[in-house]
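**Q** Have a look at this one before I ask anything.
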Protein chains: 2
Amino acid sequence: MEPLHCGTSPIVGFRFSLHPMSGDFIKIIKGALNETYTSNVWMHTDDVSTVIRGKQPHVFNVAKALTLHAAKTGEHVALSGTFSIGCPGDSSGDVYLDKDDVLLNTDDTSQYVSSQFALYPMNNPDYMAVIYKEIERAKEHGVWNDSMHYASGIHGDIHDVFAFYEEAFTHARTEQHPHLVMTVSMSINSPAHGGPANA
Amino acid sequence: MEPLHCGTSPIVGFRFSLHPMSGDFIKIIKGALNETYTSNVWMHTDDVSTVIRGKQPHVFNVAKALTLHAAKTGEHVALSGTFSIGCPGDSSGDVYLDKDDVLLNTDDTSQYVSSQFALYPMNNPDYMAVIYKEIERAKEHGVWNDSMHYASGIHGDIHDVFAFYEEAFTHARTEQHPHLVMTVSMSINSPAHGGPANA
């Protein structure tokens with residue numbers, strides 16, 4: 001089997017799927033990809049998901065831009081994904097760490113999103129304290145929605161929500177415990193938002 | 001803030017979203033819910049996801065049945081979710097631990113699924129060894145597809161795939177390290193299966 005190296009590379013990865021609840025899903029996904037500047041990240045797509053890897057600001061910037069462009073179609077879209085750092089597995093994409101920090105996607109269109117996230121600081125005995133602290137941060141940022149089993153609800157404008165996620169991801173890891181995983185589920189343009197509970 | 005208790009309850013939870021890539025998504029989701037026997041699990045749906053909790057066999061059985069029923073529409077559907085045990089947060093649903101072990105959903109229709117999973121044994125210094133072992137198990141079961149950043153590809157018939165997931169989930173936790181998280185992404189009836197890489 002291939003070795004997995006839990007290293008100290010600062011490369012951040014995001015493995016995700018974007019799901020438009022529409023028969024036009026291919027067109028919507030391809031459209032979002034076309035409208036997003038992805039040259040600052042390494043990207044690979046397979047039959048289940050897409051992974052992007054690179055410097056943290058670019059990974060979050062590309063993730064947000066892809067989601068926003070899909071959302072702007074007006075269709076109900078969902079994003080599910082896992083951010084990860086500290087266990088790169090291998091070095092594919094490390095060359096992207098030489099990119100500068102200028103963000104390429106700057107569309108600041110407002111878009112309400114409702115989402116849920118969970119933090120998994122690996123091999124950290126104090127992981128529950130880390131999680132509590134980031135939930136407090138969400139409340140301070142005004143994006144906290146509710147608590148629930150296995151996750152916390154985060155909502156608001158897409159730019160505020162992604163800014164919180166990037167900040168939480170930054171603060172929930174330490175030099176001593178560099179391997180951090182954060183799962184995010186996001187729902188946009190849903191008929192269930194603001195209405196009764198709905199699948 | 002609400003306390004989160006990492007306890008020793010044997011209750012298993014699965015927080016998931018089922019995404020039909022179709023304008024008929026509400027009908028497909030409601031149809032799958034109607035055709036699935038869910039009386040053995042506690043269930044709650046909000047605007048982003050659904051959570052089911054109960055005894056492990058019933059949680060996996062309901063998760064598989066919901067997915068299978070949605071798949072049988074022939075539409076491209078995706079399942080994203082997180083299985084969790086050992087950190088129940090509170091005791092809602094513990095009453096379902098008194099259910100017997102008779103599985104209520106027994107539809108054994110074959111259905112190819114392509115999926116990816118990741119295991120996160122919390123606060124376990126040997127977590128990488130645990131992960132390797134379960135990847136080996138997937139190969140022994142004939143459901144391993146490929147390795148990739150941050151996840152492993154698992155595919156085959158839905159019944160074999162869910163059987164592997166339940167077995168991996170059982171073996172990746174110990175009395176000493178009871179808190180275990182497993183993320184699963186599944187893609188069904190995708191135009192990308194067996195074809196070129198596609199978003």
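Numbering starts fresh at 1 for the residues of each chain in the structure tokens, the chains themselves are lettered A, B, ... in the order given, and ligands are numbered from 1 as they appear.
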Near chain A, meaning an atom within 7 Å, which residues of chain B appear when counting only C-alpha atoms? Write them as number ranges by chain.
**A** B: 19-23, 25, 29, 45-50, 80, 88-89, 114-115, 122-125, 149, 186-187, 192-193, 197-199
**Q** According to DSSP computed on the backbone, where in region 13-152 of chain A is there helix (DSSP H, G or I)? Give the residues as an NGL selection string.
**A** :A and (25-35 or 56-71 or 94-98 or 127-141)
**Q** Using only C-alpha atoms, pick whichever of B:Thr73, B:Asn61, B:Gln56, B:Gln176 has the shortest atom-to-atom distance to Leu104 (chain B).
**A**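 Smallest separation from Leu104 (chain B) among the options: B:Asn61.
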**Q** List every residue of region 13-183 of chain B that DSSP, applied to the backbone, labels as strand (DSSP E), and write the result as a compact mmCIF listing (two decimals) with N, CA and C atoms, in the first residue's frame.
**A**
```txt
# COMPACT_ATOMS: atom_id res chain seq x y z
N GLY B 13 -24.48 7.68 15.17
CA GLY B 13 -25.21 8.69 14.42
C GLY B 13 -24.69 8.81 13.01
N PHE B 14 -25.55 9.26 12.13
CA PHE B 14 -25.15 9.53 10.75
C PHE B 14 -25.84 10.82 10.33
N ARG B 15 -25.04 11.84 10.10
CA ARG B 15 -25.57 13.11 9.60
C ARG B 15 -25.26 13.17 8.11
N PHE B 16 -26.28 13.32 7.29
CA PHE B 16 -26.08 13.17 5.85
C PHE B 16 -27.00 14.09 5.05
N SER B 17 -26.63 14.24 3.79
CA SER B 17 -27.51 14.88 2.82
C SER B 17 -27.56 13.98 1.60
N LEU B 18 -28.74 13.85 1.06
CA LEU B 18 -28.96 13.07 -0.16
C LEU B 18 -29.28 14.09 -1.25
N HIS B 19 -28.47 14.08 -2.31
CA HIS B 19 -28.61 15.11 -3.34
C HIS B 19 -28.96 14.49 -4.69
N PRO B 20 -30.23 14.52 -5.07
CA PRO B 20 -30.57 14.09 -6.44
C PRO B 20 -30.25 15.25 -7.40
N TRP B 42 -33.89 7.31 15.50
CA TRP B 42 -34.33 8.69 15.76
C TRP B 42 -33.90 9.51 14.56
N MET B 43 -34.76 10.36 14.05
CA MET B 43 -34.44 11.10 12.84
C MET B 43 -34.84 12.55 12.97
N HIS B 44 -33.99 13.43 12.52
CA HIS B 44 -34.33 14.85 12.50
C HIS B 44 -33.74 15.49 11.24
N THR B 45 -34.55 16.30 10.56
CA THR B 45 -34.10 16.97 9.34
C THR B 45 -34.13 18.47 9.54
N THR B 50 -29.85 15.78 7.35
CA THR B 50 -30.69 14.92 8.18
C THR B 50 -29.78 14.12 9.08
N VAL B 51 -30.19 13.89 10.31
CA VAL B 51 -29.41 13.04 11.20
C VAL B 51 -30.28 11.88 11.64
N ILE B 52 -29.70 10.68 11.63
CA ILE B 52 -30.35 9.50 12.20
C ILE B 52 -29.45 8.95 13.29
N ARG B 53 -30.07 8.45 14.36
CA ARG B 53 -29.31 7.93 15.49
C ARG B 53 -29.97 6.67 16.02
N GLY B 54 -29.15 5.76 16.48
CA GLY B 54 -29.69 4.53 17.04
C GLY B 54 -28.62 3.47 17.14
N VAL B 77 -27.74 10.54 -8.23
CA VAL B 77 -27.87 10.98 -6.84
C VAL B 77 -26.53 10.87 -6.12
N ALA B 78 -26.34 11.73 -5.15
CA ALA B 78 -25.12 11.70 -4.35
C ALA B 78 -25.50 11.69 -2.89
N LEU B 79 -24.72 10.97 -2.12
CA LEU B 79 -24.89 10.93 -0.67
C LEU B 79 -23.61 11.44 -0.03
N SER B 80 -23.72 12.38 0.89
CA SER B 80 -22.56 12.83 1.66
C SER B 80 -22.94 12.77 3.12
N GLY B 81 -22.06 12.20 3.94
CA GLY B 81 -22.43 12.13 5.34
C GLY B 81 -21.29 11.74 6.24
N THR B 82 -21.58 11.85 7.53
CA THR B 82 -20.59 11.57 8.56
C THR B 82 -21.19 10.62 9.59
N PHE B 83 -20.59 9.44 9.73
CA PHE B 83 -20.95 8.52 10.80
C PHE B 83 -20.13 8.90 12.05
N SER B 84 -20.76 8.79 13.20
CA SER B 84 -20.06 9.18 14.42
C SER B 84 -20.50 8.33 15.59
N ILE B 85 -19.56 8.04 16.47
CA ILE B 85 -19.88 7.36 17.73
C ILE B 85 -18.91 7.87 18.79
N TYR B 112 -24.75 -0.37 -8.59
CA TYR B 112 -23.35 0.05 -8.53
C TYR B 112 -23.23 1.42 -7.88
N VAL B 113 -22.28 1.55 -6.96
CA VAL B 113 -21.99 2.86 -6.37
C VAL B 113 -20.48 3.08 -6.37
N SER B 114 -20.10 4.31 -6.61
CA SER B 114 -18.69 4.70 -6.47
C SER B 114 -18.64 5.68 -5.30
N SER B 115 -17.70 5.46 -4.40
CA SER B 115 -17.70 6.29 -3.19
C SER B 115 -16.28 6.54 -2.70
N GLN B 116 -16.18 7.38 -1.71
CA GLN B 116 -14.90 7.70 -1.07
C GLN B 116 -15.16 7.83 0.42
N PHE B 117 -14.19 7.38 1.22
CA PHE B 117 -14.39 7.50 2.65
C PHE B 117 -13.09 7.89 3.34
N ALA B 118 -13.27 8.41 4.54
CA ALA B 118 -12.11 8.73 5.38
C ALA B 118 -12.48 8.42 6.82
N LEU B 119 -11.52 7.88 7.56
CA LEU B 119 -11.72 7.56 8.97
C LEU B 119 -10.96 8.56 9.83
N TYR B 120 -11.61 9.01 10.90
CA TYR B 120 -10.95 9.91 11.83
C TYR B 120 -11.11 9.38 13.25
N PRO B 121 -10.20 8.48 13.66
CA PRO B 121 -10.23 8.02 15.05
C PRO B 121 -9.68 9.15 15.94
N TRP B 144 -12.19 -2.07 -2.76
CA TRP B 144 -11.24 -0.95 -2.86
C TRP B 144 -11.10 -0.53 -4.31
N ASN B 145 -11.11 0.75 -4.55
CA ASN B 145 -11.00 1.27 -5.92
C ASN B 145 -9.66 1.95 -6.13
N ASP B 146 -9.37 2.98 -5.37
CA ASP B 146 -8.09 3.68 -5.55
C ASP B 146 -7.77 4.52 -4.32
N SER B 147 -6.50 4.95 -4.28
CA SER B 147 -6.09 5.84 -3.20
C SER B 147 -6.03 7.25 -3.76
N MET B 148 -6.14 8.21 -2.89
CA MET B 148 -6.18 9.60 -3.34
C MET B 148 -5.88 10.48 -2.14
N ALA B 151 -8.60 10.68 1.18
CA ALA B 151 -9.70 9.71 1.17
C ALA B 151 -9.25 8.44 0.47
N SER B 152 -10.10 7.43 0.47
CA SER B 152 -9.87 6.20 -0.29
C SER B 152 -11.12 5.90 -1.09
N GLY B 153 -10.93 5.43 -2.30
CA GLY B 153 -12.06 5.12 -3.17
C GLY B 153 -12.56 3.71 -2.91
N ILE B 154 -13.86 3.59 -2.72
CA ILE B 154 -14.52 2.31 -2.44
C ILE B 154 -15.68 2.18 -3.42
N HIS B 155 -15.75 1.06 -4.12
CA HIS B 155 -16.87 0.93 -5.06
C HIS B 155 -17.34 -0.51 -5.18
N GLY B 156 -18.46 -0.67 -5.87
CA GLY B 156 -19.04 -1.99 -6.06
C GLY B 156 -20.53 -1.94 -5.85
N ASP B 157 -21.09 -3.10 -5.55
CA ASP B 157 -22.53 -3.14 -5.29
C ASP B 157 -22.82 -2.45 -3.94
N LEU B 180 -15.07 7.98 17.25
CA LEU B 180 -14.68 7.70 15.87
C LEU B 180 -15.62 8.43 14.92
N VAL B 181 -15.03 8.99 13.88
CA VAL B 181 -15.80 9.67 12.85
C VAL B 181 -15.42 9.05 11.50
N MET B 182 -16.38 8.86 10.64
CA MET B 182 -16.12 8.33 9.30
C MET B 182 -16.96 9.12 8.30
N THR B 183 -16.28 9.75 7.35
CA THR B 183 -17.02 10.48 6.31
C THR B 183 -17.14 9.61 5.07
```
**Q** Mind giving me the straight-line distance from CA of Val95 (chain A) to CA of Val62 (chain A) in Å, one decimal?
**A**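 Between these atoms lies a distance of 17.1 Å.
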**Q** Smallest atom-to-atom distance to Ile11 (chain A): which of A:Val41, A:Leu97, A:Ile28, A:Ala71, using only C-alpha atoms?
**A**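 Checking each candidate against Ile11 (chain A), we get A:Leu97 as the closest.
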**Q** So that I can see what lies close to Asp108 (chain B), please list as JSON, numbers by chain the residues with an atom at most 12 Å from it, counting only C-alpha atoms and leaving out residues fewer than 3 positions away in the same chain.
**A** {"B": [61, 64, 65, 68, 69, 72, 105, 111, 157, 158, 159, 160, 162]}
